[in-house]
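Reproduced below: work-v9.txt, with compact mmCIF, C-alpha atoms.
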```
# COMPACT_ATOMS: atom_id res chain seq x y z
CA MET J 767 4.50 -0.97 14.85
CA ASP J 768 3.43 -4.58 14.45
CA THR J 769 1.78 -6.01 11.35
CA LYS J 770 -1.74 -5.78 12.77
CA THR J 771 -1.40 -2.11 13.70
CA PHE J 772 0.14 -1.39 10.30
CA LEU J 773 -2.71 -3.04 8.40
CA GLU J 774 -5.31 -1.28 10.57
CA THR J 775 -3.58 2.03 9.80
CA VAL J 776 -3.35 1.76 5.99
CA LEU J 777 -6.60 -0.13 5.29
CA ALA J 778 -10.22 0.96 5.51
CA ARG J 779 -12.32 0.01 8.52
CA ARG J 780 -15.09 -1.66 6.51
CA GLY J 781 -15.33 -4.21 3.75
CA PHE J 782 -13.62 -7.55 3.16
CA PHE J 783 -9.87 -8.02 3.21
CA CYS J 784 -8.23 -9.70 0.24
CA SER J 785 -5.02 -11.74 0.13
CA PHE J 786 -3.14 -12.71 -3.01
CA SER J 787 -0.39 -15.35 -2.92
CA ALA J 788 1.97 -16.77 -5.52
CA LYS J 789 4.53 -19.56 -5.48
CA GLY J 790 7.57 -20.03 -7.69
CA ILE J 791 9.29 -17.75 -10.17
CA LYS J 792 6.61 -15.86 -12.10
CA ALA J 793 4.02 -17.75 -10.01
CA ARG J 794 4.41 -20.84 -12.18
CA ASP J 795 3.72 -23.11 -9.19
CA GLY J 796 0.39 -21.54 -8.33
CA LYS J 797 -1.67 -18.50 -7.35
CA LYS J 798 -4.29 -17.99 -4.68
CA GLN J 799 -6.71 -15.17 -3.97
CA THR J 800 -8.77 -15.28 -0.79
CA PHE J 801 -11.23 -12.88 0.87
CA LEU J 802 -11.21 -12.68 4.65
CA ASP J 803 -13.44 -11.08 7.27
CA THR J 804 -10.95 -9.80 9.87
CA VAL J 805 -7.40 -8.49 10.04
CA ASP J 806 -6.45 -11.36 12.35
CA GLU J 807 -7.61 -13.86 9.76
CA LEU J 808 -5.59 -12.04 7.10
CA ILE J 809 -2.43 -12.15 9.21
CA THR J 810 -2.84 -15.81 10.21
CA TYR J 811 -3.64 -16.91 6.65
CA THR J 812 -0.75 -15.06 4.99
CA ALA J 813 1.71 -16.14 7.71
CA LYS J 814 0.85 -19.80 7.17
CA LEU J 815 1.23 -19.51 3.40
CA SER J 816 4.53 -17.67 3.84
CA ASP J 817 5.80 -20.46 6.08
CA ASP J 818 4.89 -22.88 3.29
CA GLY J 819 6.97 -21.00 0.73
CA TRP J 820 4.41 -18.65 -0.81
CA ASP J 821 4.99 -14.96 -1.56
CA THR J 822 2.02 -13.26 0.12
CA TYR J 823 0.37 -9.91 -0.54
CA PHE J 824 -2.60 -7.90 0.75
CA ALA J 825 -4.98 -5.76 -1.28
CA LEU J 826 -4.73 -2.02 -0.55
CA GLY J 827 -8.50 -1.66 -0.72
CA ARG J 828 -11.26 -3.37 1.23
CA PHE J 829 -14.12 -4.66 -0.87
CA PRO J 830 -17.90 -4.52 -0.41
CA ASP J 831 -18.31 -8.08 -1.69
CA LYS J 832 -16.24 -11.24 -1.86
CA GLY J 833 -15.18 -12.54 -5.25
CA SER J 834 -13.64 -9.63 -7.17
CA ARG J 835 -10.49 -7.59 -6.51
CA GLU J 836 -11.02 -5.36 -9.54
CA ALA J 837 -10.89 -1.61 -9.09
CA ASP J 838 -14.39 -1.49 -10.61
CA ALA J 839 -15.60 -3.41 -7.55
CA HIS J 840 -15.29 0.00 -5.82
CA PRO J 841 -13.15 -0.79 -2.79
CA TRP J 842 -12.82 1.59 0.13
CA MET J 843 -9.37 3.17 0.38
CA ARG J 844 -7.49 4.62 3.36
CA SER J 845 -3.97 5.30 2.07
CA LEU J 846 -1.91 6.41 -0.90
CA PHE J 847 1.08 4.25 -1.73
CA MET J 848 3.92 3.48 -4.11
CA ASP J 849 6.44 0.74 -4.85
CA VAL J 850 10.07 1.81 -5.38
CA ASP J 851 11.84 -0.95 -7.32
CA CYS J 852 15.46 -1.57 -6.34
CA GLY J 853 18.01 -4.06 -7.62
CA PRO J 854 20.71 -4.56 -10.26
CA THR J 855 18.20 -4.44 -13.14
CA LYS J 856 15.86 -1.87 -11.55
CA PRO J 857 15.81 1.96 -11.65
CA TYR J 858 17.72 2.10 -8.33
CA PRO J 859 20.60 -0.37 -7.87
CA ASP J 860 19.89 -0.90 -4.16
CA GLN J 861 17.54 0.18 -1.39
CA GLN J 862 19.90 2.88 -0.14
CA GLN J 863 19.86 4.69 -3.47
CA GLY J 864 16.11 4.17 -3.68
CA ALA J 865 15.77 5.79 -0.23
CA VAL J 866 17.85 8.79 -1.30
CA ALA J 867 15.65 9.27 -4.39
CA LEU J 868 12.50 8.89 -2.25
CA ARG J 869 13.83 11.46 0.21
CA LYS J 870 14.39 13.93 -2.60
CA PHE J 871 10.92 13.29 -4.04
CA ILE J 872 9.03 13.92 -0.80
CA THR J 873 11.08 17.07 -0.28
CA ASP J 874 10.48 18.42 -3.80
CA ALA J 875 6.79 17.47 -3.81
CA GLY J 876 6.22 18.90 -0.31
CA LEU J 877 4.80 15.63 1.03
CA PRO J 878 4.87 14.31 4.60
CA LYS J 879 7.12 11.39 5.36
CA PRO J 880 5.43 8.05 4.61
CA ILE J 881 5.40 4.74 6.44
CA LEU J 882 8.15 2.67 4.82
CA VAL J 883 8.37 -1.09 4.37
CA SER J 884 11.33 -3.03 3.03
CA SER J 885 9.86 -5.52 0.58
CA GLY J 886 13.07 -7.53 0.61
CA ARG J 887 14.39 -5.86 -2.53
CA GLY J 888 12.52 -2.58 -2.88
CA ILE J 889 10.71 -0.04 -0.72
CA HIS J 890 6.96 0.36 -0.23
CA ALA J 891 5.76 3.81 0.88
CA TYR J 892 2.33 4.51 2.44
CA TRP J 893 0.56 7.78 3.24
CA PRO J 894 -2.43 6.81 5.43
CA PHE J 895 -5.31 9.16 6.18
CA ALA J 896 -7.85 9.27 8.98
CA GLU J 897 -10.99 8.10 7.22
CA GLU J 898 -11.74 5.71 4.37
CA VAL J 899 -13.02 7.12 1.11
CA GLU J 900 -14.66 5.57 -1.90
CA ARG J 901 -12.49 4.57 -4.80
CA ASP J 902 -13.90 7.29 -7.09
CA THR J 903 -12.94 9.96 -4.54
CA TRP J 904 -9.47 8.47 -4.04
CA GLN J 905 -8.66 7.92 -7.73
CA PRO J 906 -7.96 11.51 -8.92
CA VAL J 907 -5.54 12.10 -6.04
CA ALA J 908 -3.75 8.81 -6.71
CA ASN J 909 -3.55 9.78 -10.39
CA LYS J 910 -1.92 13.09 -9.45
CA LEU J 911 0.54 11.41 -7.07
CA LEU J 912 1.71 9.18 -9.92
CA SER J 913 2.05 12.21 -12.19
CA LEU J 914 4.14 13.96 -9.52
CA THR J 915 6.64 11.11 -9.54
CA ARG J 916 7.18 11.70 -13.25
CA LEU J 917 7.31 15.46 -12.89
CA HIS J 918 10.12 15.11 -10.34
CA GLY J 919 11.96 12.31 -12.16
CA PHE J 920 11.28 9.73 -9.45
CA SER J 921 10.85 6.16 -10.72
CA VAL J 922 8.18 3.95 -9.17
CA ASP J 923 6.29 0.89 -10.34
CA PRO J 924 3.63 2.58 -12.51
CA SER J 925 1.15 -0.27 -12.04
CA ILE J 926 0.75 0.32 -8.30
CA THR J 927 0.23 3.96 -7.27
CA ALA J 928 -2.97 4.79 -9.17
CA ASN J 929 -4.45 1.29 -9.08
CA ALA J 930 -7.11 0.63 -6.44
CA ALA J 931 -6.72 -3.11 -7.07
CA SER J 932 -3.03 -3.06 -6.11
CA VAL J 933 -1.47 -5.62 -3.78
CA LEU J 934 1.76 -5.23 -1.80
CA ARG J 935 3.70 -7.62 0.42
CA VAL J 936 2.60 -8.33 3.98
CA PRO J 937 5.12 -7.25 6.65
CA GLY J 938 6.50 -10.20 8.57
CA THR J 939 6.29 -12.60 5.61
CA ASN J 940 9.11 -13.80 3.39
CA HIS J 941 10.20 -12.63 -0.05
CA TYR J 942 11.02 -15.88 -1.85
CA LYS J 943 12.37 -14.43 -5.09
CA ASP J 944 15.80 -14.35 -3.43
CA ASP J 945 17.79 -17.25 -2.03
CA PRO J 946 17.93 -17.21 0.91
CA PRO J 947 14.55 -15.48 1.22
CA LYS J 948 14.36 -12.02 2.76
CA THR J 949 11.90 -10.84 5.40
CA VAL J 950 9.44 -8.05 4.61
CA LYS J 951 9.93 -5.45 7.37
CA ILE J 952 8.39 -2.18 8.49
CA PHE J 953 11.39 0.09 9.00
CA TYR J 954 10.10 3.65 9.29
CA ILE J 955 7.06 5.13 11.06
CA PRO J 956 6.68 8.94 10.99
CA ASP J 957 6.01 10.64 14.31
CA TYR J 958 2.53 11.82 13.29
CA VAL J 959 1.52 8.21 12.56
CA THR J 960 2.91 6.96 15.88
CA ALA J 961 0.89 9.67 17.63
CA GLY J 962 -2.27 8.60 15.79
CA ASN J 963 -2.46 12.06 14.25
CA LEU J 964 -3.35 11.09 10.70
CA PRO J 965 -4.38 13.77 8.20
CA GLN J 966 -7.84 13.98 6.79
CA PHE J 967 -8.10 12.87 3.17
CA ASP J 968 -8.96 16.43 2.14
CA GLU J 969 -5.66 17.66 3.60
CA LEU J 970 -3.70 15.28 1.39
CA ARG J 971 -5.92 16.12 -1.58
CA GLU J 972 -5.16 19.82 -1.14
CA MET J 973 -1.46 19.09 -0.87
CA ILE J 974 -1.21 16.71 -3.85
CA GLY J 975 -3.96 17.92 -6.15
CA GLU J 976 -6.18 15.91 -8.48
CA GLU J 977 -5.97 14.55 -12.01
CA GLN J 978 -9.11 13.07 -13.48
CA VAL J 979 -7.50 10.99 -16.23
CA ARG J 980 -5.26 8.20 -15.01
CA PRO J 981 -1.73 8.53 -16.47
CA LYS J 982 -0.47 5.87 -18.83
CA MET J 983 1.46 3.18 -16.98
CA THR J 984 4.96 3.96 -18.23
CA ARG J 985 8.04 3.96 -16.05
CA THR J 986 10.43 6.90 -15.80
CA ALA J 987 13.39 5.62 -17.80
CA VAL J 988 16.20 7.47 -16.06
CA MET J 989 16.70 9.62 -13.00
CA ASP J 990 16.92 13.36 -13.46
CA PRO J 991 20.41 14.95 -13.24
CA VAL J 992 19.82 16.39 -9.76
CA THR J 993 18.93 12.97 -8.36
CA GLN J 994 21.95 11.42 -10.08
CA ALA J 995 24.19 14.10 -8.60
CA LEU J 996 22.64 13.59 -5.16
CA ILE J 997 23.26 9.87 -5.33
CA GLY J 998 26.81 10.51 -6.48
CA ASN J 999 27.43 12.67 -3.43
CA TYR J 1000 26.40 9.79 -1.21
CA ARG J 1001 28.58 7.18 -2.91
CA ASN J 1002 31.25 7.05 -0.23
CA SER J 1003 28.76 6.79 2.61
CA PHE J 1004 26.87 4.07 0.73
CA LYS J 1005 29.94 1.84 0.99
CA ILE J 1006 29.62 1.94 4.77
CA ILE J 1007 25.84 1.57 4.61
CA LEU J 1008 26.09 -1.50 2.39
CA GLN J 1009 28.57 -3.09 4.77
CA LYS J 1010 26.12 -2.57 7.63
CA SER J 1011 23.28 -3.91 5.51
CA ALA J 1012 25.21 -7.14 5.11
CA GLN J 1013 25.27 -7.33 8.91
CA GLY J 1014 21.50 -6.99 9.19
CA LYS J 1015 21.49 -3.26 9.97
CA GLY J 1016 20.27 -2.06 6.60
CA CYS J 1017 16.76 -1.08 7.67
CA ALA J 1018 18.11 1.26 10.34
CA GLN J 1019 20.31 2.88 7.70
CA LEU J 1020 17.34 3.39 5.37
CA ALA J 1021 15.42 5.05 8.19
CA HIS J 1022 18.45 7.26 8.85
CA ILE J 1023 18.42 8.42 5.21
CA ILE J 1024 14.77 9.45 5.46
CA ASP J 1025 15.21 11.16 8.84
CA ASN J 1026 18.14 13.18 7.55
CA ALA J 1027 15.71 14.93 5.22
CA GLN J 1028 13.86 16.54 8.12
CA PRO J 1029 15.60 19.95 7.96
CA LEU J 1030 14.77 20.14 4.25
CA LEU J 1031 11.15 19.02 4.38
CA LYS J 1032 8.33 21.54 4.45
CA LEU J 1033 5.92 19.30 6.30
CA PRO J 1034 2.22 20.16 6.40
CA LYS J 1035 0.77 21.44 9.64
CA PHE J 1036 -0.83 18.13 10.59
CA ALA J 1037 2.61 16.51 10.81
CA ASN J 1038 3.65 18.92 13.55
CA ARG J 1039 0.64 18.52 15.83
CA LYS J 1040 1.30 17.32 19.36
```
What do you get writing this file as structure tokens?
Amino acid sequence: MDTKTFLETVLARRGFFCSFSAKGIKARDGKKQTFLDTVDELITYTAKLSDDGWDTYFALGRFPDKGSREADAHPWMRSLFMDVDCGPTKPYPDQQQGAVALRKFITDAGLPKPILVSSGRGIHAYWPFAEEVERDTWQPVANKLLSLTRLHGFSVDPSITANAASVLRVPGTNHYKDDPPKTVKIFYIPDYVTAGNLPQFDELREMIGEEQVRPKMTRTAVMDPVTQALIGNYRNSFKIILQKSAQGKGCAQLAHIIDNAQPLLKLPKFANRK
């Protein structure tokens, strides 16, 4: 899946696109927010900024008017999403352990496998659906998804999942917070997405549930004992995985971790359609 197909899959079909870009540690060298009319313009614009050393992001909603990326601007939404932070000071020390925890979460919560993007450090997960919905329809389901992460002891960036104004990194651009910079890559596409067999929003809503009040944005402090034990069981294999990651094969290894969950997952019926 290329960047254009990815963006057309996770974003609504109407409204304006929005790009956010930052340069330098903690964006001290500048920030830019730009509204664009087409997905091609979004890709060209963010690619140019990335080549010039900017960290580039896209808004997960499409907006009825140019000028405001606030959730109260009522964007149209076409996916649910989360950001799994990985790194020495993050909840998961590396992407491999983040992938194991994500695998356990989607199994325990009974969710379909998401599209996965390596942000350079962490993992971005997307659950697209067939039709766009208004922000007020989307919000209670996003609230519940965030609550499920806490219920199952899975740590995600709490500012992203239930926030219709969220931005995440554009695949194909560079992550400049590391030296040398890392490339943002799509590394896992579920079969039902490849087949164009996306669920209806109501199917995901029935699966996840709804929560009217948005949870407070607090991060799960520690992993639950089962997740810790699961990660411990994988410690020896992680040594091999990390060696391959150093050789540029890490994304394939992350995809392998997710695929190995298949016998355990109770996927919804839409994921098994031909």
Kindly give the distance, in Å, that separates atom CA of J:Thr949 and atom CA of J:Ala891, rounded to a single decimal.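 Atom-to-atom, atom CA of J:Thr949 and atom CA of J:Ala891 are spaced 16.5 Å apart.
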Cut-off 9 Å around (17.1, 5.1, -2.3) with all atoms listed in the file: residues as an NGL selection string: :J and (850 or 852 or 858-869 or 888-889 or 997 or 1020 or 1023)
Go ahead and dump the residues you just picked, C-alpha atoms, as a PDB file, in the frame of the given file.
```pdb
ATOM      1  CA  VAL J 850      10.070   1.810  -5.380  1.00  0.00           C
ATOM      2  CA  CYS J 852      15.460  -1.570  -6.340  1.00  0.00           C
ATOM      3  CA  TYR J 858      17.720   2.100  -8.330  1.00  0.00           C
ATOM      4  CA  PRO J 859      20.600  -0.370  -7.870  1.00  0.00           C
ATOM      5  CA  ASP J 860      19.890  -0.900  -4.160  1.00  0.00           C
ATOM      6  CA  GLN J 861      17.540   0.180  -1.390  1.00  0.00           C
ATOM      7  CA  GLN J 862      19.900   2.880  -0.140  1.00  0.00           C
ATOM      8  CA  GLN J 863      19.860   4.690  -3.470  1.00  0.00           C
ATOM      9  CA  GLY J 864      16.110   4.170  -3.680  1.00  0.00           C
ATOM     10  CA  ALA J 865      15.770   5.790  -0.230  1.00  0.00           C
ATOM     11  CA  VAL J 866      17.850   8.790  -1.300  1.00  0.00           C
ATOM     12  CA  ALA J 867      15.650   9.270  -4.390  1.00  0.00           C
ATOM     13  CA  LEU J 868      12.500   8.890  -2.250  1.00  0.00           C
ATOM     14  CA  ARG J 869      13.830  11.460   0.210  1.00  0.00           C
ATOM     15  CA  GLY J 888      12.520  -2.580  -2.880  1.00  0.00           C
ATOM     16  CA  ILE J 889      10.710  -0.040  -0.720  1.00  0.00           C
ATOM     17  CA  ILE J 997      23.260   9.870  -5.330  1.00  0.00           C
ATOM     18  CA  LEU J1020      17.340   3.390   5.370  1.00  0.00           C
ATOM     19  CA  ILE J1023      18.420   8.420   5.210  1.00  0.00           C
TER      20      ILE J1023
END
```
Please identify all polymer residues lying at most 8 Å from the point (-2.8, 2.3, 4.0) (file coordinates), using all atoms listed in the file, and present the result as a PDB file with C-alpha atoms, in the frame of the given file.
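Just written: selection37.pdb:
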```pdb
ATOM      1  CA  PHE J 772       0.140  -1.390  10.300  1.00  0.00           C
ATOM      2  CA  LEU J 773      -2.710  -3.040   8.400  1.00  0.00           C
ATOM      3  CA  GLU J 774      -5.310  -1.280  10.570  1.00  0.00           C
ATOM      4  CA  THR J 775      -3.580   2.030   9.800  1.00  0.00           C
ATOM      5  CA  VAL J 776      -3.350   1.760   5.990  1.00  0.00           C
ATOM      6  CA  LEU J 777      -6.600  -0.130   5.290  1.00  0.00           C
ATOM      7  CA  ALA J 778     -10.220   0.960   5.510  1.00  0.00           C
ATOM      8  CA  LEU J 826      -4.730  -2.020  -0.550  1.00  0.00           C
ATOM      9  CA  MET J 843      -9.370   3.170   0.380  1.00  0.00           C
ATOM     10  CA  ARG J 844      -7.490   4.620   3.360  1.00  0.00           C
ATOM     11  CA  SER J 845      -3.970   5.300   2.070  1.00  0.00           C
ATOM     12  CA  LEU J 846      -1.910   6.410  -0.900  1.00  0.00           C
ATOM     13  CA  PHE J 847       1.080   4.250  -1.730  1.00  0.00           C
ATOM     14  CA  TYR J 892       2.330   4.510   2.440  1.00  0.00           C
ATOM     15  CA  TRP J 893       0.560   7.780   3.240  1.00  0.00           C
ATOM     16  CA  PRO J 894      -2.430   6.810   5.430  1.00  0.00           C
ATOM     17  CA  PHE J 895      -5.310   9.160   6.180  1.00  0.00           C
TER      18      PHE J 895
END
```
Within 9 Å of J:Phe829 using all atoms listed in the file, minus same-chain residues under 5 positions, as a list in words: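 Contacts, in chain order: Arg780, Gly781, Phe782, Phe783, Cys784, Phe801, Ser834, Arg835, Ala839, His840, Pro841 and Trp842 of chain J.
Note that atom CA of J:Leu934 and atom CA of J:Ile974 are 22.2 Å apart.
In this structure, atom CA of J:Val805 sits 22.1 Å away from atom CA of J:Trp904.
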Neighbours of J:Ser913 within 12 Å (all atoms listed in the file; same-chain residues fewer than 2 positions away dropped), as an MDAnalysis selection string? chainID J and resid 875 906:911 915:922 924 927:928 974:986
